[in-house]
$ cat final_39.cif   # mmCIF, C-alpha atoms and all ligand atoms
data_target
loop_
_atom_site.label_atom_id
_atom_site.label_comp_id
_atom_site.auth_asym_id
_atom_site.auth_seq_id
_atom_site.Cartn_x
_atom_site.Cartn_y
_atom_site.Cartn_z
CA MET A 1 147.09 -235.74 88.09
CA ASN A 2 145.66 -232.23 88.57
CA LEU A 3 148.59 -229.87 88.97
CA THR A 4 146.43 -226.74 89.36
CA ARG A 5 146.37 -226.87 93.16
CA PRO A 6 150.15 -227.03 93.81
CA TYR A 7 150.80 -224.55 90.99
CA ARG A 8 148.20 -222.22 92.50
CA ARG A 9 150.04 -222.38 95.84
CA VAL A 10 153.35 -221.49 94.22
CA ARG A 11 151.75 -218.64 92.29
CA GLY A 12 150.01 -217.48 95.48
CA LEU A 13 153.34 -217.27 97.33
CA GLU A 14 155.02 -215.43 94.48
CA ARG A 15 152.04 -213.04 94.40
CA ARG A 16 152.39 -212.31 98.15
CA VAL A 17 156.00 -211.27 97.55
CA ARG A 18 154.92 -208.92 94.76
CA GLN A 19 152.12 -207.52 96.94
CA ALA A 20 154.67 -206.87 99.69
CA ARG A 21 156.81 -205.07 97.10
CA MET A 22 153.81 -203.01 96.01
CA LEU A 23 153.04 -202.03 99.61
CA ALA A 24 156.65 -201.17 100.34
CA LYS A 25 156.63 -198.91 97.25
CA ALA A 26 153.38 -197.29 98.39
CA PHE A 27 154.94 -196.61 101.80
CA ARG A 28 158.01 -194.96 100.34
CA SER A 29 156.17 -192.01 98.81
CA PRO A 30 152.61 -190.67 99.02
CA TYR A 31 152.86 -189.40 95.45
CA SER A 32 152.73 -192.64 93.50
CA PRO A 33 149.38 -194.28 92.69
CA VAL A 34 148.68 -197.40 94.75
CA ALA A 35 145.98 -198.48 92.29
CA ALA A 36 144.50 -197.48 88.96
CA HIS A 37 141.40 -198.55 87.08
CA LEU A 38 141.91 -198.74 83.34
CA ILE A 39 138.97 -199.04 80.93
CA PRO A 40 139.82 -201.01 77.76
CA ILE A 41 136.18 -201.01 76.60
CA ARG A 42 133.05 -199.19 77.74
CA ARG A 43 130.61 -201.64 76.20
CA CYS A 44 128.91 -204.25 78.37
CA ASN A 45 126.99 -207.38 77.44
CA LEU A 46 124.57 -206.75 80.35
CA SER A 47 122.53 -203.73 81.43
CA CYS A 48 122.11 -203.69 85.23
CA THR A 49 119.62 -200.93 86.04
CA TYR A 50 121.72 -199.31 88.82
CA CYS A 51 124.85 -199.06 86.64
CA ASN A 52 126.13 -195.79 85.17
CA GLU A 53 129.43 -197.19 83.86
CA TYR A 54 128.58 -198.88 80.56
CA ASP A 55 127.09 -198.47 77.10
CA ASP A 56 125.89 -200.98 74.53
CA HIS A 57 127.82 -199.86 71.46
CA SER A 58 131.41 -198.62 72.08
CA LYS A 59 134.27 -200.27 70.21
CA PRO A 60 137.27 -201.59 72.18
CA VAL A 61 140.10 -199.10 72.72
CA SER A 62 142.90 -200.05 70.31
CA THR A 63 145.36 -202.49 71.84
CA GLU A 64 148.38 -200.27 71.14
CA THR A 65 146.64 -197.38 72.93
CA VAL A 66 145.81 -199.50 75.99
CA LEU A 67 149.38 -200.88 76.11
CA ARG A 68 150.73 -197.32 75.96
CA ARG A 69 148.44 -196.36 78.86
CA VAL A 70 149.72 -199.34 80.87
CA ASP A 71 153.28 -198.09 80.28
CA LEU A 72 152.32 -194.57 81.35
CA LEU A 73 150.77 -195.89 84.58
CA ALA A 74 153.97 -197.84 85.24
CA GLY A 75 155.92 -194.63 84.65
CA LEU A 76 153.90 -192.91 87.40
CA GLY A 77 154.87 -195.74 89.78
CA THR A 78 151.44 -197.43 89.93
CA GLY A 79 151.24 -200.65 91.97
CA ILE A 80 147.98 -202.31 90.87
CA VAL A 81 146.18 -201.98 87.54
CA THR A 82 142.55 -203.12 87.51
CA LEU A 83 140.90 -203.65 84.13
CA SER A 84 137.19 -202.93 84.23
CA GLY A 85 134.56 -201.45 81.97
CA GLY A 86 131.91 -202.10 80.74
CA GLU A 87 132.90 -205.72 80.42
CA PRO A 88 136.68 -206.06 79.89
CA LEU A 89 136.41 -209.65 78.61
CA LEU A 90 134.85 -208.14 75.46
CA HIS A 91 138.27 -206.68 74.57
CA PRO A 92 139.83 -208.97 71.93
CA ASP A 93 143.40 -208.48 73.22
CA LEU A 94 142.82 -208.62 76.94
CA ASP A 95 145.48 -211.30 77.49
CA ARG A 96 148.14 -209.11 75.86
CA ILE A 97 147.14 -206.20 78.07
CA ILE A 98 147.38 -208.35 81.21
CA ARG A 99 150.81 -209.58 80.08
CA ARG A 100 152.02 -206.01 79.64
CA ILE A 101 150.83 -205.07 83.15
CA ARG A 102 152.86 -207.99 84.51
CA GLU A 103 155.90 -207.17 82.37
CA GLN A 104 155.79 -203.70 83.93
CA ARG A 105 156.03 -205.36 87.38
CA MET A 106 152.53 -204.25 88.40
CA ILE A 107 149.73 -206.38 89.87
CA ALA A 108 147.08 -207.29 87.27
CA THR A 109 143.47 -207.50 88.35
CA LEU A 110 140.20 -207.80 86.48
CA ILE A 111 136.57 -206.99 87.32
CA THR A 112 134.11 -208.98 85.24
CA ASN A 113 130.48 -210.07 85.21
CA ALA A 114 131.85 -213.57 84.36
CA TYR A 115 129.34 -214.27 81.57
CA LEU A 116 132.08 -214.76 78.99
CA LEU A 117 134.23 -217.06 81.12
CA SER A 118 134.81 -220.58 79.87
CA ARG A 119 137.39 -223.12 81.04
CA GLU A 120 139.54 -222.26 78.05
CA ARG A 121 139.26 -218.51 78.87
CA ILE A 122 140.25 -219.15 82.51
CA HIS A 123 143.36 -221.02 81.32
CA ARG A 124 144.27 -218.13 79.03
CA LEU A 125 143.95 -215.72 81.97
CA ASN A 126 146.21 -218.05 83.99
CA ASP A 127 148.79 -218.03 81.19
CA ALA A 128 148.62 -214.25 80.81
CA GLY A 129 149.56 -213.90 84.50
CA LEU A 130 146.34 -212.48 85.94
CA ASP A 131 146.72 -211.99 89.70
CA HIS A 132 143.22 -211.33 90.91
CA LEU A 133 139.67 -211.48 89.57
CA GLN A 134 136.59 -209.90 91.12
CA ILE A 135 133.04 -210.87 90.27
CA SER A 136 130.00 -209.08 91.63
CA ILE A 137 126.92 -211.26 91.97
CA ASP A 138 123.74 -209.32 92.62
CA ASN A 139 121.06 -211.92 93.22
CA VAL A 140 120.30 -215.65 93.29
CA VAL A 141 117.91 -215.65 90.34
CA PRO A 142 117.91 -213.03 87.57
CA ASP A 143 115.36 -210.21 87.66
CA GLU A 144 114.74 -206.90 85.91
CA VAL A 145 117.49 -205.15 87.95
CA SER A 146 120.36 -207.54 87.26
CA LYS A 147 121.24 -210.77 85.47
CA LYS A 148 124.44 -211.22 87.49
CA SER A 149 122.86 -214.16 89.26
CA LEU A 150 124.22 -217.10 91.18
CA LYS A 151 121.88 -219.44 89.34
CA LEU A 152 123.29 -218.43 85.95
CA LEU A 153 126.93 -218.13 86.99
CA ASP A 154 127.48 -220.97 89.43
CA LYS A 155 129.01 -223.29 86.80
CA LYS A 156 131.59 -220.62 85.95
CA LEU A 157 132.38 -220.19 89.64
CA GLN A 158 133.00 -223.95 89.86
CA TRP A 159 135.41 -223.75 86.90
CA LEU A 160 137.21 -220.89 88.60
CA ALA A 161 137.48 -222.88 91.83
CA SER A 162 138.98 -225.86 90.01
CA ASP A 163 141.13 -224.20 87.31
CA ALA A 164 142.12 -220.63 88.19
CA THR A 165 145.61 -219.99 89.51
CA PHE A 166 144.74 -216.38 90.37
CA ASP A 167 142.86 -215.14 93.48
CA VAL A 168 139.11 -214.82 93.12
CA ALA A 169 136.87 -212.51 95.15
CA LEU A 170 133.12 -212.77 95.04
CA ASN A 171 131.37 -209.53 95.83
CA ALA A 172 127.80 -209.63 97.10
CA VAL A 173 125.78 -206.43 97.04
CA VAL A 174 122.96 -204.74 98.91
CA GLY A 175 121.08 -201.55 98.01
CA GLY A 176 120.65 -200.11 94.51
CA GLY A 177 117.21 -201.70 94.05
CA ILE A 178 118.39 -205.30 94.68
CA ARG A 179 115.16 -206.99 95.71
CA ASP A 180 116.03 -209.63 98.30
CA PRO A 181 118.88 -208.77 100.70
CA GLU A 182 119.09 -212.45 101.80
CA ASP A 183 120.59 -213.17 98.37
CA ALA A 184 123.78 -211.39 99.40
CA LEU A 185 124.25 -213.85 102.25
CA THR A 186 123.69 -216.83 99.94
CA VAL A 187 126.25 -215.43 97.47
CA ALA A 188 128.86 -214.75 100.16
CA ARG A 189 128.46 -218.26 101.64
CA ARG A 190 128.77 -219.87 98.21
CA GLY A 191 131.93 -217.85 97.60
CA ARG A 192 133.53 -219.08 100.83
CA GLU A 193 132.44 -222.66 100.09
CA LEU A 194 134.33 -222.48 96.78
CA GLY A 195 137.44 -221.09 98.47
CA PHE A 196 137.09 -217.48 97.30
CA SER A 197 137.21 -214.38 99.42
CA ALA A 198 133.76 -212.91 100.02
CA THR A 199 133.14 -209.19 100.17
CA VAL A 200 130.01 -207.07 100.33
CA GLY A 201 129.41 -203.76 98.61
CA ILE A 202 126.70 -201.20 99.20
CA ILE A 203 125.61 -199.94 95.84
CA HIS A 204 124.23 -196.61 94.80
CA ASP A 205 121.31 -196.21 92.40
CA HIS A 206 121.77 -195.33 88.69
CA SER A 207 122.15 -191.62 89.57
CA GLY A 208 125.01 -192.39 91.97
CA GLN A 209 122.88 -191.68 95.09
CA LEU A 210 123.25 -193.77 98.20
CA LEU A 211 120.04 -194.55 100.05
CA PRO A 212 120.24 -195.63 103.73
CA LEU A 213 119.78 -199.38 104.20
CA GLU A 214 116.83 -201.10 105.88
CA PRO A 215 117.55 -202.84 109.25
CA ARG A 216 117.69 -206.35 107.66
CA GLN A 217 120.02 -205.11 104.90
CA ARG A 218 122.30 -203.66 107.60
CA GLN A 219 122.35 -206.96 109.52
CA ILE A 220 123.34 -208.77 106.33
CA VAL A 221 126.18 -206.37 105.59
CA GLU A 222 127.39 -206.93 109.16
CA GLN A 223 127.17 -210.72 108.83
CA ILE A 224 129.07 -210.87 105.52
CA ALA A 225 131.68 -208.50 106.86
CA GLY A 226 132.36 -211.05 109.59
CA ILE A 227 132.85 -214.02 107.21
CA GLY A 228 136.54 -214.94 107.23
CA LYS A 229 137.84 -211.40 107.07
CA SER A 230 141.43 -210.21 107.36
CA VAL A 231 142.08 -207.39 109.81
CA PHE A 232 142.52 -205.01 106.84
CA ASP A 233 139.11 -205.91 105.41
CA TYR A 234 137.37 -205.87 108.74
CA ALA A 235 138.83 -202.47 109.53
CA ASN A 236 137.65 -201.32 106.12
CA TYR A 237 134.15 -202.49 106.94
CA SER A 238 134.13 -200.89 110.40
CA ARG A 239 135.69 -197.70 109.13
CA PHE A 240 133.49 -197.12 106.06
CA GLN A 241 130.75 -199.63 105.27
CA ARG A 242 129.09 -199.69 108.69
CA ASN A 243 128.48 -195.94 108.65
CA LEU A 244 127.22 -196.02 105.07
CA ALA A 245 124.84 -198.84 105.92
CA GLU A 246 123.42 -196.67 108.70
CA GLY A 247 123.17 -193.65 106.41
CA LYS A 248 125.91 -191.83 108.34
CA PRO A 249 128.77 -189.89 106.74
CA ASN A 250 132.43 -190.98 106.91
CA GLU A 251 135.25 -188.68 107.91
CA TRP A 252 138.28 -189.41 105.75
CA HIS A 253 140.52 -187.86 103.14
CA CYS A 254 139.93 -189.26 99.66
CA ARG A 255 143.24 -189.36 97.77
CA ALA A 256 141.69 -190.03 94.35
CA GLY A 257 143.69 -188.41 91.56
CA ALA A 258 146.90 -189.24 93.45
CA ARG A 259 146.88 -192.62 95.18
CA TYR A 260 144.02 -193.89 93.01
CA LEU A 261 143.44 -193.04 89.32
CA TYR A 262 140.51 -193.84 87.05
CA VAL A 263 141.59 -193.81 83.40
CA CYS A 264 138.59 -193.82 81.08
CA GLU A 265 138.37 -195.15 77.52
CA ASP A 266 139.41 -191.70 76.22
CA GLY A 267 142.63 -191.84 78.23
CA LEU A 268 141.61 -189.11 80.69
CA VAL A 269 142.45 -189.35 84.38
CA HIS A 270 139.45 -188.92 86.68
CA TRP A 271 139.07 -189.17 90.44
CA CYS A 272 136.87 -192.26 90.12
CA SER A 273 134.01 -193.78 88.13
CA GLN A 274 131.48 -191.60 89.98
CA GLN A 275 133.39 -188.33 89.58
CA ARG A 276 134.38 -188.34 85.94
CA GLY A 277 135.53 -184.94 84.70
CA HIS A 278 137.65 -184.21 87.80
CA PRO A 279 140.41 -183.48 86.96
CA GLY A 280 139.91 -184.93 83.44
CA ILE A 281 143.57 -184.53 82.41
CA PRO A 282 145.01 -186.80 79.65
CA LEU A 283 147.15 -189.57 81.12
CA GLU A 284 150.02 -188.58 78.74
CA ALA A 285 150.11 -185.17 80.41
CA TYR A 286 149.71 -186.40 84.00
CA THR A 287 152.79 -185.62 86.07
CA ARG A 288 154.07 -185.86 89.60
CA ASP A 289 152.86 -182.26 90.10
CA ASP A 290 149.30 -183.45 89.37
CA LEU A 291 149.71 -186.34 91.82
CA GLU A 292 150.96 -183.96 94.53
CA ARG A 293 148.17 -181.44 93.87
CA GLN A 294 145.41 -184.06 93.83
CA TYR A 295 146.74 -185.68 97.00
CA ARG A 296 145.79 -182.53 98.88
CA VAL A 297 142.44 -181.77 97.20
CA SER A 298 139.49 -182.22 99.50
CA LYS A 299 136.44 -183.86 97.85
CA SER A 300 132.95 -182.82 98.89
CA CYS A 301 131.60 -186.25 97.82
CA ALA A 302 133.78 -188.08 100.41
CA PRO A 303 131.31 -188.38 103.34
CA PHE A 304 128.88 -190.64 101.44
CA CYS A 305 131.32 -192.21 98.98
CA THR A 306 130.73 -195.92 98.20
CA VAL A 307 133.87 -196.50 96.10
CA GLY A 308 135.43 -199.33 98.10
CA CYS A 309 138.80 -199.48 96.32
CA VAL A 310 139.50 -195.83 97.18
CA HIS A 311 138.60 -196.50 100.81
CA ARG A 312 141.16 -199.34 100.80
CA VAL A 313 143.83 -197.09 99.35
CA ALA A 314 143.09 -194.54 102.09
CA GLN A 315 143.76 -197.29 104.66
CA VAL A 316 147.22 -197.83 103.16
CA ASP A 317 147.90 -194.13 103.71
CA GLU A 318 146.62 -194.24 107.28
CA LEU A 319 149.01 -197.14 107.90
CA ARG A 320 151.85 -195.27 106.25
CA HIS A 321 151.18 -192.13 108.27
CA ASP A 322 151.04 -193.75 111.72
CA PRO A 323 151.57 -197.53 111.62
CA MET A 324 151.46 -198.25 115.35
CA THR A 325 148.26 -196.34 116.13
CA THR A 326 146.55 -197.54 112.96
CA LEU A 327 147.35 -201.22 113.61
CA ALA A 328 146.23 -200.95 117.23
CA GLU A 329 142.96 -199.37 116.09
CA TRP A 330 142.38 -202.04 113.43
CA PHE A 331 142.92 -204.93 115.82
CA ALA A 332 140.72 -203.26 118.41
CA LEU A 333 137.89 -203.22 115.84
CA MET A 334 138.01 -207.00 115.19
CA PRO A 335 135.07 -208.98 116.66
CA GLY A 336 136.01 -209.97 120.22
CA GLY A 337 139.32 -208.22 119.62
CA GLY A 338 141.40 -205.56 121.22
CA ALA A 339 144.77 -204.01 120.58
CA GLY A 340 146.20 -206.68 122.92
CA ASN A 341 145.14 -209.39 120.44
CA MET A 342 147.63 -208.31 117.81
CA PRO A 343 149.34 -211.52 116.57
CA MET A 344 153.03 -212.11 117.36
CA SER A 345 153.94 -211.97 113.66
CA VAL A 346 152.48 -208.45 113.34
CA ARG A 347 154.18 -207.34 116.55
CA ALA A 348 157.49 -208.71 115.29
CA LEU A 349 157.14 -206.98 111.91
CA THR A 350 156.20 -203.63 113.45
CA TRP A 351 159.19 -203.88 115.81
CA VAL A 352 161.55 -204.67 112.93
CA PHE A 353 160.29 -202.00 110.52
CA VAL A 354 158.87 -199.30 112.82
CA THR A 355 160.01 -199.22 116.44
CA SER A 356 163.39 -200.94 116.47
CA PRO A 357 166.41 -198.60 116.79
CA HIS A 358 167.72 -200.21 113.57
CA HIS A 359 164.48 -199.95 111.56
CA GLN A 360 166.11 -197.83 108.83
CA ILE A 361 168.68 -200.61 108.20
CA PHE A 362 165.94 -203.27 108.12
CA ARG A 363 163.85 -201.16 105.74
CA ARG A 364 166.79 -200.68 103.36
CA ALA A 365 167.52 -204.42 103.43
CA ALA A 366 163.86 -205.30 102.74
CA THR A 367 163.71 -202.78 99.89
CA ARG A 368 166.77 -204.40 98.31
CA ALA A 369 165.43 -207.93 98.89
CA LEU A 370 162.10 -207.04 97.26
CA GLY A 371 163.90 -205.56 94.26
CA ILE A 372 162.35 -202.11 94.59
CA ARG A 373 163.99 -199.63 92.28
S1 LIG B 401 127.31 -203.42 86.63
FE1 LIG B 401 128.87 -204.42 85.38
S2 LIG B 401 127.76 -206.05 84.35
FE2 LIG B 401 126.20 -204.60 85.06
S3 LIG B 401 125.92 -203.20 83.33
FE3 LIG B 401 127.46 -202.27 84.69
S4 LIG B 401 129.40 -202.92 83.79
FE4 LIG B 401 127.82 -204.28 82.96
S1 LIG B 402 135.23 -189.46 97.64
FE1 LIG B 402 134.54 -191.27 96.51
S2 LIG B 402 133.19 -190.48 94.95
FE2 LIG B 402 134.40 -188.75 95.69
S3 LIG B 402 136.21 -188.66 94.37
FE3 LIG B 402 136.77 -189.91 96.10
S4 LIG B 402 136.37 -191.99 95.43
FE4 LIG B 402 135.23 -190.65 94.05
#
$ encode --input "final_39.cif" --output "structure tokens" --more "lines below"
Ligand code: SF4
Ligand code: SF4
Amino acid sequence: MNLTRPYRRVRGLERRVRQARMLAKAFRSPYSPVAAHLIPIRRCNLSCTYCNEYDDHSKPVSTETVLRRVDLLAGLGTGIVTLSGGEPLLHPDLDRIIRRIREQRMIATLITNAYLLSRERIHRLNDAGLDHLQISIDNVVPDEVSKKSLKLLDKKLQWLASDATFDVALNAVVGGGIRDPEDALTVARRGRELGFSATVGIIHDHSGQLLPLEPRQRQIVEQIAGIGKSVFDYANYSRFQRNLAEGKPNEWHCRAGARYLYVCEDGLVHWCSQQRGHPGIPLEAYTRDDLERQYRVSKSCAPFCTVGCVHRVAQVDELRHDPMTTLAEWFALMPGGGAGNMPMSVRALTWVFVTSPHHQIFRRAATRALGIR
């Protein structure tokens, strides 16, 4: 009897509780990182032509050093640690690193090109406690731009669908020299068919520049954005991706360096993968003062930024700042929606934690129940 499915459900429920705890922590103070990217290795086994985040020779960062960095991120109050690279599966001690993230009560996520996944590797990631895995697939058949292709990776996706107890998101991409935009639609549909969440990213070229999309590319982004999306994801699309697809700037405050950290292989904190060198402070020396300072810094790159995870973090802050208005706006953006379509469960939760005369008591009780220190 295959016990993966029921076990996956149990793990999924337990993960939702930890995600709720992470969000509650993020709501308590604006000066703790919601998410951090940590690079355990810069080397990659592929060489996508649009990518400026890899090399073909670096050694893995020593395990003790990565574990120390995980502890330092926990000390800053980080909620989610995402391991990326390069290709993080090339790190020989990745399972130990994931375990340490979980021991530190943070959410462990991984971004991979999936080439090195086998059934045995998926089971090891299950055992290590991985929470979430994201794979970007760039095309249906490999070409000179990218070998992250559905044709080459579909078997691995099937193994993930049958064996993984963590959440899987399949990210389709448009832009960045990807030849056939229809491929993104095929990738997103395959992802949904296998039970994964499907997202779409607009990619920059190798110099980090964003070029406006063609009309058909824009339609495809719109279509994928509508495939089985949560209100949070749809709001993210409407708030950021739609403008980018049309070549228009976004008005928002990027909180990189405070709510989001990018820790490179040298242990320096940067705003993000595209803005390395700012502020470029060693993680060991990063303090609450740095978080507070960076929270307020305005970034000139924000209007045309394509870094989706930092957009998402900004949404958490919008929700924290004004939950009622933000939720009403999000639900109004849903296809065929309107603020009046807000589900009863969301109305009930906002009454309990925001508008009720006893919301402070409810918040304290929830904080205790979720075990937030
Ligand atoms: S996009 Fe990912 S898989 Fe491609 S070269 Fe960059 S790090 Fe490697
Ligand atoms: S706006 Fe975008 S590119 Fe600029 S620092 Fe923030 S996340 Fe990085």
$ residues_near_ligand --input "final_39.cif" --ligand "ligand LIG 402 (chain B)" --cutoff "6 Å" --atoms "all atoms listed in the file" --output "list in words"
Cys254, Ala256, Trp271, Cys272, Gln274, Gln275, Lys299, Cys301, Ala302, Cys305, Val307 and Val310 of chain A
$ write_last_selection --input "final_39.cif" --atoms "C-alpha atoms" --output "PDB file, in the coordinates of the input"
ATOM      1  CA  CYS A 254     139.930-189.260  99.660  1.00  0.00           C
ATOM      2  CA  ALA A 256     141.690-190.030  94.350  1.00  0.00           C
ATOM      3  CA  TRP A 271     139.070-189.170  90.440  1.00  0.00           C
ATOM      4  CA  CYS A 272     136.870-192.260  90.120  1.00  0.00           C
ATOM      5  CA  GLN A 274     131.480-191.600  89.980  1.00  0.00           C
ATOM      6  CA  GLN A 275     133.390-188.330  89.580  1.00  0.00           C
ATOM      7  CA  LYS A 299     136.440-183.860  97.850  1.00  0.00           C
ATOM      8  CA  CYS A 301     131.600-186.250  97.820  1.00  0.00           C
ATOM      9  CA  ALA A 302     133.780-188.080 100.410  1.00  0.00           C
ATOM     10  CA  CYS A 305     131.320-192.210  98.980  1.00  0.00           C
ATOM     11  CA  VAL A 307     133.870-196.500  96.100  1.00  0.00           C
ATOM     12  CA  VAL A 310     139.500-195.830  97.180  1.00  0.00           C
TER      13      VAL A 310
END
$ axis_aligned_box --input "final_39.cif" --around "stretch 40-57 of chain A" --padding-each-side "5 Å" --output "lines of an AutoDock Vina configuration file"
center_x = 129.7
center_y = -201.6
center_z = 80.1
size_x = 30.2
size_y = 21.6
size_z = 27.4
$ residues_around --input "final_39.cif" --residues "stretch 250-252 of chain A" --least-positions-apart "3" --cutoff "8 Å" --atoms "all atoms listed in the file" --output "ChimeraX atom specification"
/A:239-240,243-244,302-304,314
$ closest_atom_pairs --input "final_39.cif" --of "stretch 109-227 of chain A" --to "stretch 5-13 of chain A" --cutoff "12 Å" --atoms "all atoms listed in the file" --output "tab-separated table"
residue	atom	partner	partner_atom	distance
A:Asn126	CA	A:Arg8	CA	9.7
A:Asp127	CA	A:Arg11	CA	11.5
A:Gly129	CA	A:Arg11	CA	9.4
A:Leu130	CA	A:Arg11	CA	10.4
A:Asp131	CA	A:Gly12	CA	8.6
A:His132	CA	A:Gly12	CA	10.2
A:Leu160	CA	A:Arg8	CA	11.7
A:Ala161	CA	A:Arg5	CA	9.8
A:Ser162	CA	A:Arg5	CA	8.1
A:Asp163	CA	A:Arg5	CA	8.3
A:Ala164	CA	A:Arg8	CA	7.6
A:Thr165	CA	A:Arg8	CA	4.5
A:Phe166	CA	A:Arg8	CA	7.1
A:Asp167	CA	A:Gly12	CA	7.8
A:Val168	CA	A:Gly12	CA	11.5
A:Gly195	CA	A:Arg5	CA	11.9
$ residues_around --input "final_39.cif" --residues "A:Thr109" --least-positions-apart "3" --cutoff "12 Å" --atoms "only C-alpha atoms" --output "number ranges by chain"
A: 15, 35-38, 79-84, 88, 94-95, 97-99, 101-102, 106, 112, 125-126, 128-135, 166-169
$ write_last_selection --input "final_39.cif" --atoms "C-alpha atoms" --output "short mmCIF file (atom, residue, chain, number, x, y, z; two decimals), in the coordinates of the input"
data_model
loop_
_atom_site.label_atom_id
_atom_site.label_comp_id
_atom_site.auth_asym_id
_atom_site.auth_seq_id
_atom_site.Cartn_x
_atom_site.Cartn_y
_atom_site.Cartn_z
CA ARG A 15 152.04 -213.04 94.40
CA ALA A 35 145.98 -198.48 92.29
CA ALA A 36 144.50 -197.48 88.96
CA HIS A 37 141.40 -198.55 87.08
CA LEU A 38 141.91 -198.74 83.34
CA GLY A 79 151.24 -200.65 91.97
CA ILE A 80 147.98 -202.31 90.87
CA VAL A 81 146.18 -201.98 87.54
CA THR A 82 142.55 -203.12 87.51
CA LEU A 83 140.90 -203.65 84.13
CA SER A 84 137.19 -202.93 84.23
CA PRO A 88 136.68 -206.06 79.89
CA LEU A 94 142.82 -208.62 76.94
CA ASP A 95 145.48 -211.30 77.49
CA ILE A 97 147.14 -206.20 78.07
CA ILE A 98 147.38 -208.35 81.21
CA ARG A 99 150.81 -209.58 80.08
CA ILE A 101 150.83 -205.07 83.15
CA ARG A 102 152.86 -207.99 84.51
CA MET A 106 152.53 -204.25 88.40
CA THR A 112 134.11 -208.98 85.24
CA LEU A 125 143.95 -215.72 81.97
CA ASN A 126 146.21 -218.05 83.99
CA ALA A 128 148.62 -214.25 80.81
CA GLY A 129 149.56 -213.90 84.50
CA LEU A 130 146.34 -212.48 85.94
CA ASP A 131 146.72 -211.99 89.70
CA HIS A 132 143.22 -211.33 90.91
CA LEU A 133 139.67 -211.48 89.57
CA GLN A 134 136.59 -209.90 91.12
CA ILE A 135 133.04 -210.87 90.27
CA PHE A 166 144.74 -216.38 90.37
CA ASP A 167 142.86 -215.14 93.48
CA VAL A 168 139.11 -214.82 93.12
CA ALA A 169 136.87 -212.51 95.15
#
$ residues_near_ligand --input "final_39.cif" --ligand "ligand LIG 401 (chain B)" --cutoff "12 Å" --atoms "only C-alpha atoms and all ligand atoms" --output "ChimeraX atom specification"
/A:39,41-56,83-90,110-116,134-138,144-149,171,173,176,203-206,273
$ atom_distance --input "final_39.cif" --atom1 "atom CA of A:Gly280" --atom2 "atom CA of A:Gly267"
9.1 Å
$ atom_distance --input "final_39.cif" --atom1 "atom CA of A:Asp154" --atom2 "atom CA of A:Leu117"
11.4 Å
$ atom_distance --input "final_39.cif" --atom1 "atom CA of A:Ala26" --atom2 "atom CA of A:Ile107"
13.0 Å
$ residues_near_point --input "final_39.cif" --point "(132.0, -199.5, 103.5)" --cutoff "8 Å" --atoms "all atoms listed in the file" --output "ChimeraX atom specification"
/A:201-202,236-245,306,308,311
$ residues_around --input "final_39.cif" --residues "A:Arg192" --least-positions-apart "3" --cutoff "10 Å" --atoms "only C-alpha atoms" --output "list in words"
Ala169, Leu170, Val187, Ala188, Arg189, Gly195, Phe196, Ser197, Ala198, Thr199, Ile227 and Gly228 of chain A
$ residues_around --input "final_39.cif" --residues "A:Val231" --least-positions-apart "4" --cutoff "10 Å" --atoms "only C-alpha atoms" --output "JSON, numbers by chain"
{"A": [235, 236, 237, 327, 330, 331, 332, 333, 334, 335, 342]}
$ decode --input "final_39.cif" --residues "stretch 275-302 of chain A" --atoms "C-alpha atoms" --output "compact mmCIF listing (two decimals), in the first residue's frame"
# COMPACT_ATOMS: atom_id res chain seq x y z
CA GLN A 275 21.58 43.86 -6.96
CA ARG A 276 24.60 42.17 -5.46
CA GLY A 277 26.93 44.58 -3.67
CA HIS A 278 24.09 46.49 -1.95
CA PRO A 279 24.60 46.59 0.98
CA GLY A 280 27.19 43.77 0.80
CA ILE A 281 27.56 43.44 4.60
CA PRO A 282 28.75 40.09 6.09
CA LEU A 283 25.85 38.14 7.59
CA GLU A 284 27.82 37.79 10.88
CA ALA A 285 27.78 41.57 11.21
CA TYR A 286 24.16 42.10 10.11
CA THR A 287 22.06 43.53 12.93
CA ARG A 288 18.59 44.81 13.62
CA ASP A 289 19.92 48.32 12.87
CA ASP A 290 20.76 47.15 9.33
CA LEU A 291 17.28 45.64 8.97
CA GLU A 292 15.65 48.89 10.12
CA ARG A 293 17.86 51.02 7.84
CA GLN A 294 17.31 48.84 4.77
CA TYR A 295 13.56 48.71 5.38
CA ARG A 296 13.43 52.42 4.62
CA VAL A 297 15.89 52.56 1.69
CA SER A 298 14.25 53.36 -1.60
CA LYS A 299 15.60 51.34 -4.57
CA SER A 300 15.80 52.95 -8.00
CA CYS A 301 15.54 49.50 -9.64
CA ALA A 302 12.05 48.88 -8.15
